[in-house]
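S.K.: Have a look at this one.
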Amino acid sequence: PHPDDPYALRAEDVREAPTTFGGRLRHLGPGFVLSAAVVGSGELIVTTSLGARAGFALLWLVIVSTAVKVWVQMELARWTILNGRTALEGYRDIGPRIGRMGWINWLWIGMDFAKMFQRGGIIGGTAAACSVLWPITGEALSFRSLAVWTVLVTAAAVIPLRTGRYGVVEWICVTCVVVFTVATVGLALGLPATEFGYDASDLGDGLSFLIPAGTAGIALAMFGITGVGADEMTTYTYWCIEKGYARWTGPDDGTEERARRAEGWLKVMRLDVAAGWLVCTLCTLAFYVIGAAVLHPQKLVPEGNAMITTLSRVYTDTMGPWAEYLFLAGAVAVLFSTLIGSTASVPRLWTNTLGLLGVVDWRDVRVRRRTVQLLTCCLPPVWAACFLYVQSPVLMVQIGGIGGGVFLLAVVIAVWRLRATGVERRFRANAWLTVALALSSAAIVFLGVYGVLDVLGIGLTAD
């Protein structure tokens, strides 16, 4: 194997895991990369809208919905670290096979095509926020201004990532996470000093674990939108490998030394997942509080990118002009970090898929890097074109919704199958983790079935 190949397990690359909390903290990273991708337009726009509709009543559900999914993510990452293989390679082992790949791999391909339009919307949302901050023409949201910013945003995502190096991805994502966490949490904490303040009783009502009458649909929507999705769970396995968790664990030689080393790096991974969950939860809570405190009393529920301009005006009116710039800077960081996450991860997933199909040699480091670099340069412009030229991709969004719901179910099936066949009993002996995984899986199955039926219902109604 190539000495610089993070996907190859070599005995000479093994490294003992840190045994102290501080030592583990120094090896975190993949969780922040994932947080940068997860806290995107869903949290910025949809979660704020849900807060505007339900008020503080469903605040508790934000914590539950972000926490319940990380156990499946953790289980998939554990299998990856112990076996040194990516999630897509694991999915191939789940039958029935269709050609050279498993049915879950083909499902991922269909979902990713549908998601091109959603990624185009992320680019468009970033361009809109930049255009409001720095309008290129007289009108901030004119087509010309949006088009120029779309090109600039796409280039800003592609240029630093064209090398395909994980370290660059982690540095950019951590920077974005710091910016949008400080901005969103800071604004939420600053609201009590304005006319849209809230107090401990509001937060207490929001943590009462009740679903008020008439908000069940909103609650289910929030449960589906917030937290880690199936595609992010899949992506996380690549970041765990490229960070080094699997390489440092080393090949499975059956020794007690290797088993203890694996347990050590699995502890680092679990702390990494917890840190990513904490960032995701804090930011999602902040967006929800902003919607509940500012928009709900005014009965304002703006949709789409109008949320960005509406909220920026609200902050200007209540906290002064500086708040608008802080909010828009946070909005740009949130949306751009999601774009960075996709620009970094999707080319890797497609290169791995092409390897499974036999089109490229995934094990050849040079071929893999060259293919990742090529797709990094080619895919984001395609997403940008979808934003500029496809005005209402309703059908593709519905297909993406169905694919996402089915893919959630498929990942749960894959995780339990891979756990049974690729994880030794020693590593799955913790009863608490098993119970948490079972509860998480049950919640995701319910969510997936509901989501697919809901999208199908919308489609039938639209017809």
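The way I read the labels, and the way they are meant: chains A, B, ... in the order of the structure tokens, residue 1 as the first residue of every chain, and ligand 1 as the first ligand shown, with later ones counted on from there.
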So which residues touch Thr19 (chain A) within 12 Å, counting only C-alpha atoms, skipping near sequence neighbours fewer than 2 positions away, as a ChimeraX atom specification?
M.R.: /A:16-17,21-27,260-261,263-268
S.K.: What's the 10 Å shell around Ile104 (chain A), counting only C-alpha atoms, without same-chain residues fewer than 3 positions away, as a PDB file with N, CA, C and O atoms, in the first residue's frame?
M.R.:
ATOM      1  N   LEU A  88     -19.974   2.850   1.916  1.00  0.00           N
ATOM      2  CA  LEU A  88     -20.465   2.363   0.620  1.00  0.00           C
ATOM      3  C   LEU A  88     -19.957   0.958   0.334  1.00  0.00           C
ATOM      4  O   LEU A  88     -20.661   0.147  -0.279  1.00  0.00           O
ATOM      5  N   GLY A  90     -19.436  -1.229   2.688  1.00  0.00           N
ATOM      6  CA  GLY A  90     -20.267  -2.056   3.546  1.00  0.00           C
ATOM      7  C   GLY A  90     -21.643  -2.276   2.953  1.00  0.00           C
ATOM      8  O   GLY A  90     -22.179  -3.401   3.003  1.00  0.00           O
ATOM      9  N   TYR A  91     -22.221  -1.229   2.358  1.00  0.00           N
ATOM     10  CA  TYR A  91     -23.555  -1.354   1.753  1.00  0.00           C
ATOM     11  C   TYR A  91     -23.545  -2.389   0.625  1.00  0.00           C
ATOM     12  O   TYR A  91     -24.554  -3.065   0.386  1.00  0.00           O
ATOM     13  N   ARG A  92     -22.409  -2.495  -0.064  1.00  0.00           N
ATOM     14  CA  ARG A  92     -22.331  -3.468  -1.169  1.00  0.00           C
ATOM     15  C   ARG A  92     -22.521  -4.893  -0.661  1.00  0.00           C
ATOM     16  O   ARG A  92     -23.000  -5.769  -1.395  1.00  0.00           O
ATOM     17  N   ASP A  93     -22.147  -5.116   0.608  1.00  0.00           N
ATOM     18  CA  ASP A  93     -22.263  -6.468   1.163  1.00  0.00           C
ATOM     19  C   ASP A  93     -23.699  -6.828   1.563  1.00  0.00           C
ATOM     20  O   ASP A  93     -23.976  -7.973   1.914  1.00  0.00           O
ATOM     21  N   ILE A  94     -24.589  -5.836   1.559  1.00  0.00           N
ATOM     22  CA  ILE A  94     -25.981  -6.082   1.955  1.00  0.00           C
ATOM     23  C   ILE A  94     -26.790  -6.429   0.711  1.00  0.00           C
ATOM     24  O   ILE A  94     -27.010  -5.593  -0.158  1.00  0.00           O
ATOM     25  N   GLY A  95     -27.187  -7.693   0.610  1.00  0.00           N
ATOM     26  CA  GLY A  95     -27.925  -8.144  -0.573  1.00  0.00           C
ATOM     27  C   GLY A  95     -29.381  -7.720  -0.552  1.00  0.00           C
ATOM     28  O   GLY A  95     -29.874  -7.209   0.455  1.00  0.00           O
ATOM     29  N   PRO A  96     -30.070  -7.902  -1.675  1.00  0.00           N
ATOM     30  CA  PRO A  96     -29.552  -8.504  -2.914  1.00  0.00           C
ATOM     31  C   PRO A  96     -28.699  -7.532  -3.722  1.00  0.00           C
ATOM     32  O   PRO A  96     -28.900  -6.330  -3.669  1.00  0.00           O
ATOM     33  N   ARG A  97     -27.760  -8.100  -4.460  1.00  0.00           N
ATOM     34  CA  ARG A  97     -26.918  -7.291  -5.326  1.00  0.00           C
ATOM     35  C   ARG A  97     -27.609  -7.050  -6.665  1.00  0.00           C
ATOM     36  O   ARG A  97     -28.353  -7.891  -7.158  1.00  0.00           O
ATOM     37  N   ILE A  98     -27.327  -5.889  -7.232  1.00  0.00           N
ATOM     38  CA  ILE A  98     -27.793  -5.560  -8.581  1.00  0.00           C
ATOM     39  C   ILE A  98     -26.538  -5.221  -9.373  1.00  0.00           C
ATOM     40  O   ILE A  98     -25.979  -4.138  -9.249  1.00  0.00           O
ATOM     41  N   MET A 101     -22.964  -3.948  -7.453  1.00  0.00           N
ATOM     42  CA  MET A 101     -23.213  -3.260  -6.188  1.00  0.00           C
ATOM     43  C   MET A 101     -24.507  -3.747  -5.540  1.00  0.00           C
ATOM     44  O   MET A 101     -25.340  -4.389  -6.173  1.00  0.00           O
ATOM     45  N   LEU A 107     -29.523   2.934  -4.489  1.00  0.00           N
ATOM     46  CA  LEU A 107     -30.430   3.894  -3.864  1.00  0.00           C
ATOM     47  C   LEU A 107     -29.697   5.211  -3.579  1.00  0.00           C
ATOM     48  O   LEU A 107     -30.248   6.301  -3.791  1.00  0.00           O
ATOM     49  N   TRP A 108     -28.454   5.109  -3.116  1.00  0.00           N
ATOM     50  CA  TRP A 108     -27.672   6.317  -2.869  1.00  0.00           C
ATOM     51  C   TRP A 108     -27.465   7.112  -4.154  1.00  0.00           C
ATOM     52  O   TRP A 108     -27.577   8.345  -4.165  1.00  0.00           O
ATOM     53  N   ILE A 109     -27.185   6.415  -5.266  1.00  0.00           N
ATOM     54  CA  ILE A 109     -26.976   7.107  -6.548  1.00  0.00           C
ATOM     55  C   ILE A 109     -28.226   7.889  -6.941  1.00  0.00           C
ATOM     56  O   ILE A 109     -28.158   9.067  -7.325  1.00  0.00           O
ATOM     57  N   GLY A 110     -29.399   7.255  -6.827  1.00  0.00           N
ATOM     58  CA  GLY A 110     -30.644   7.945  -7.176  1.00  0.00           C
ATOM     59  C   GLY A 110     -30.885   9.146  -6.290  1.00  0.00           C
ATOM     60  O   GLY A 110     -31.285  10.225  -6.774  1.00  0.00           O
ATOM     61  N   VAL A 406     -36.321   6.577   2.216  1.00  0.00           N
ATOM     62  CA  VAL A 406     -35.998   5.172   1.992  1.00  0.00           C
ATOM     63  C   VAL A 406     -34.543   4.893   2.362  1.00  0.00           C
ATOM     64  O   VAL A 406     -34.213   3.847   2.934  1.00  0.00           O
ATOM     65  N   PHE A 407     -33.650   5.859   2.062  1.00  0.00           N
ATOM     66  CA  PHE A 407     -32.231   5.673   2.367  1.00  0.00           C
ATOM     67  C   PHE A 407     -31.998   5.596   3.869  1.00  0.00           C
ATOM     68  O   PHE A 407     -31.143   4.832   4.336  1.00  0.00           O
ATOM     69  N   LEU A 409     -34.070   4.291   6.039  1.00  0.00           N
ATOM     70  CA  LEU A 409     -34.448   2.920   6.402  1.00  0.00           C
ATOM     71  C   LEU A 409     -33.355   1.937   5.982  1.00  0.00           C
ATOM     72  O   LEU A 409     -33.014   1.005   6.711  1.00  0.00           O
ATOM     73  N   ALA A 410     -32.812   2.147   4.779  1.00  0.00           N
ATOM     74  CA  ALA A 410     -31.788   1.237   4.262  1.00  0.00           C
ATOM     75  C   ALA A 410     -30.537   1.270   5.126  1.00  0.00           C
ATOM     76  O   ALA A 410     -29.921   0.220   5.390  1.00  0.00           O
ATOM     77  N   VAL A 411     -30.140   2.453   5.593  1.00  0.00           N
ATOM     78  CA  VAL A 411     -28.932   2.572   6.425  1.00  0.00           C
ATOM     79  C   VAL A 411     -29.128   1.851   7.754  1.00  0.00           C
ATOM     80  O   VAL A 411     -28.215   1.202   8.258  1.00  0.00           O
ATOM     81  N   ILE A 413     -31.038  -0.771   8.260  1.00  0.00           N
ATOM     82  CA  ILE A 413     -30.910  -2.203   7.940  1.00  0.00           C
ATOM     83  C   ILE A 413     -29.442  -2.576   7.796  1.00  0.00           C
ATOM     84  O   ILE A 413     -28.978  -3.596   8.339  1.00  0.00           O
ATOM     85  N   ALA A 414     -28.680  -1.733   7.077  1.00  0.00           N
ATOM     86  CA  ALA A 414     -27.263  -2.011   6.846  1.00  0.00           C
ATOM     87  C   ALA A 414     -26.484  -2.031   8.153  1.00  0.00           C
ATOM     88  O   ALA A 414     -25.623  -2.899   8.363  1.00  0.00           O
TER      89      ALA A 414
END
S.K.: Could you give me, as a PyMOL selection string, the residues within 8 Å of Ala188 (chain A), counting only C-alpha atoms and dropping anything in the same chain fewer than 6 positions from it?
M.R.: chain A and resi 286-287+289-290
S.K.: Please identify the helix (DSSP H, G or I) residues within region 345-381 of chain A (assignment by DSSP from backbone atoms) and present them as an mmCIF file with N, CA, C and O atoms, in the first residue's frame.
M.R.:
data_model
loop_
_atom_site.group_PDB
_atom_site.id
_atom_site.type_symbol
_atom_site.label_atom_id
_atom_site.label_comp_id
_atom_site.auth_asym_id
_atom_site.auth_seq_id
_atom_site.Cartn_x
_atom_site.Cartn_y
_atom_site.Cartn_z
ATOM 1 N N SER A 345 -17.243 16.036 0.286
ATOM 2 C CA SER A 345 -17.658 14.649 0.490
ATOM 3 C C SER A 345 -18.198 13.968 -0.764
ATOM 4 O O SER A 345 -17.870 12.802 -1.032
ATOM 5 N N VAL A 346 -19.029 14.665 -1.537
ATOM 6 C CA VAL A 346 -19.694 14.012 -2.678
ATOM 7 C C VAL A 346 -18.688 13.473 -3.698
ATOM 8 O O VAL A 346 -18.865 12.346 -4.196
ATOM 9 N N PRO A 347 -17.618 14.213 -4.041
ATOM 10 C CA PRO A 347 -16.636 13.626 -4.960
ATOM 11 C C PRO A 347 -15.996 12.347 -4.417
ATOM 12 O O PRO A 347 -15.702 11.420 -5.187
ATOM 13 N N ARG A 348 -15.785 12.252 -3.111
ATOM 14 C CA ARG A 348 -15.230 11.029 -2.532
ATOM 15 C C ARG A 348 -16.222 9.878 -2.676
ATOM 16 O O ARG A 348 -15.846 8.747 -3.014
ATOM 17 N N LEU A 349 -17.498 10.153 -2.379
ATOM 18 C CA LEU A 349 -18.516 9.105 -2.476
ATOM 19 C C LEU A 349 -18.668 8.622 -3.912
ATOM 20 O O LEU A 349 -18.811 7.423 -4.171
ATOM 21 N N TRP A 350 -18.633 9.563 -4.869
ATOM 22 C CA TRP A 350 -18.763 9.162 -6.271
ATOM 23 C C TRP A 350 -17.526 8.408 -6.749
ATOM 24 O O TRP A 350 -17.627 7.454 -7.527
ATOM 25 N N THR A 351 -16.339 8.832 -6.290
ATOM 26 C CA THR A 351 -15.126 8.107 -6.675
ATOM 27 C C THR A 351 -15.159 6.687 -6.133
ATOM 28 O O THR A 351 -14.804 5.725 -6.837
ATOM 29 N N ASN A 352 -15.606 6.516 -4.894
ATOM 30 C CA ASN A 352 -15.752 5.191 -4.301
ATOM 31 C C ASN A 352 -16.768 4.365 -5.081
ATOM 32 O O ASN A 352 -16.559 3.162 -5.337
ATOM 33 N N THR A 353 -17.866 5.002 -5.478
ATOM 34 C CA THR A 353 -18.895 4.309 -6.269
ATOM 35 C C THR A 353 -18.337 3.866 -7.615
ATOM 36 O O THR A 353 -18.580 2.731 -8.062
ATOM 37 N N LEU A 354 -17.592 4.755 -8.283
ATOM 38 C CA LEU A 354 -16.970 4.386 -9.563
ATOM 39 C C LEU A 354 -15.979 3.242 -9.371
ATOM 40 O O LEU A 354 -15.821 2.387 -10.251
ATOM 41 N N GLY A 355 -15.325 3.219 -8.208
ATOM 42 C CA GLY A 355 -14.430 2.106 -7.909
ATOM 43 C C GLY A 355 -15.183 0.794 -7.748
ATOM 44 O O GLY A 355 -14.761 -0.251 -8.253
ATOM 45 N N LEU A 356 -16.328 0.837 -7.057
ATOM 46 C CA LEU A 356 -17.145 -0.362 -6.879
ATOM 47 C C LEU A 356 -17.685 -0.860 -8.216
ATOM 48 O O LEU A 356 -17.854 -2.066 -8.423
ATOM 49 N N VAL A 365 -3.876 5.059 -5.115
ATOM 50 C CA VAL A 365 -3.953 6.373 -4.481
ATOM 51 C C VAL A 365 -3.964 7.491 -5.520
ATOM 52 O O VAL A 365 -4.744 8.437 -5.417
ATOM 53 N N ARG A 366 -3.103 7.394 -6.527
ATOM 54 C CA ARG A 366 -3.019 8.458 -7.532
ATOM 55 C C ARG A 366 -4.310 8.570 -8.325
ATOM 56 O O ARG A 366 -4.805 9.673 -8.576
ATOM 57 N N VAL A 367 -4.860 7.436 -8.725
ATOM 58 C CA VAL A 367 -6.121 7.441 -9.487
ATOM 59 C C VAL A 367 -7.246 8.004 -8.624
ATOM 60 O O VAL A 367 -8.053 8.826 -9.091
ATOM 61 N N ARG A 368 -7.291 7.586 -7.354
ATOM 62 C CA ARG A 368 -8.346 8.064 -6.470
ATOM 63 C C ARG A 368 -8.269 9.578 -6.301
ATOM 64 O O ARG A 368 -9.272 10.280 -6.427
ATOM 65 N N ARG A 369 -7.060 10.078 -5.996
ATOM 66 C CA ARG A 369 -6.906 11.516 -5.777
ATOM 67 C C ARG A 369 -7.231 12.312 -7.029
ATOM 68 O O ARG A 369 -7.877 13.361 -6.965
ATOM 69 N N ARG A 370 -6.780 11.809 -8.179
ATOM 70 C CA ARG A 370 -7.043 12.524 -9.435
ATOM 71 C C ARG A 370 -8.540 12.568 -9.725
ATOM 72 O O ARG A 370 -9.074 13.594 -10.162
ATOM 73 N N THR A 371 -9.243 11.462 -9.470
ATOM 74 C CA THR A 371 -10.693 11.424 -9.707
ATOM 75 C C THR A 371 -11.435 12.338 -8.744
ATOM 76 O O THR A 371 -12.345 13.071 -9.149
ATOM 77 N N VAL A 372 -11.035 12.331 -7.462
ATOM 78 C CA VAL A 372 -11.652 13.223 -6.481
ATOM 79 C C VAL A 372 -11.434 14.685 -6.881
ATOM 80 O O VAL A 372 -12.360 15.504 -6.833
ATOM 81 N N GLN A 373 -10.217 15.018 -7.305
ATOM 82 C CA GLN A 373 -9.921 16.391 -7.718
ATOM 83 C C GLN A 373 -10.751 16.800 -8.931
ATOM 84 O O GLN A 373 -11.276 17.916 -8.991
ATOM 85 N N LEU A 374 -10.886 15.904 -9.893
ATOM 86 C CA LEU A 374 -11.670 16.202 -11.094
ATOM 87 C C LEU A 374 -13.134 16.446 -10.750
ATOM 88 O O LEU A 374 -13.750 17.425 -11.206
ATOM 89 N N LEU A 375 -13.699 15.569 -9.920
ATOM 90 C CA LEU A 375 -15.111 15.718 -9.548
ATOM 91 C C LEU A 375 -15.325 16.945 -8.654
ATOM 92 O O LEU A 375 -16.381 17.578 -8.719
ATOM 93 N N THR A 376 -14.323 17.302 -7.836
ATOM 94 C CA THR A 376 -14.427 18.496 -7.001
ATOM 95 C C THR A 376 -14.558 19.743 -7.868
ATOM 96 O O THR A 376 -15.276 20.686 -7.520
ATOM 97 N N CYS A 377 -13.877 19.747 -9.007
ATOM 98 C CA CYS A 377 -13.942 20.893 -9.916
ATOM 99 C C CYS A 377 -15.202 20.879 -10.785
ATOM 100 O O CYS A 377 -15.664 21.940 -11.207
ATOM 101 N N CYS A 378 -15.750 19.688 -11.045
ATOM 102 C CA CYS A 378 -16.863 19.576 -12.008
ATOM 103 C C CYS A 378 -18.249 19.605 -11.361
ATOM 104 O O CYS A 378 -19.192 20.161 -11.945
ATOM 105 N N LEU A 379 -18.418 19.003 -10.187
ATOM 106 C CA LEU A 379 -19.763 18.864 -9.616
ATOM 107 C C LEU A 379 -20.370 20.182 -9.123
ATOM 108 O O LEU A 379 -21.529 20.482 -9.447
ATOM 109 N N PRO A 380 -19.655 21.013 -8.330
ATOM 110 C CA PRO A 380 -20.275 22.258 -7.850
ATOM 111 C C PRO A 380 -20.788 23.182 -8.957
ATOM 112 O O PRO A 380 -21.868 23.770 -8.804
ATOM 113 N N PRO A 381 -20.080 23.353 -10.090
ATOM 114 C CA PRO A 381 -20.669 24.156 -11.164
ATOM 115 C C PRO A 381 -21.986 23.584 -11.692
ATOM 116 O O PRO A 381 -22.880 24.349 -12.093
#
S.K.: Between A:Ala147, A:Ala246, A:Leu285, A:Ala438, which is the closest to Arg15 (chain A) once you count only C-alpha atoms?
M.R.: A:Ala246
S.K.: Can you work out which one of A:Arg417, A:Gly55, A:Ala77, A:Thr48 has the shortest atom-to-atom distance to Tyr198 (chain A), counting only C-alpha atoms?
M.R.: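 Counting only C-alpha atoms, the residue closest to Tyr198 (chain A) is A:Gly55.
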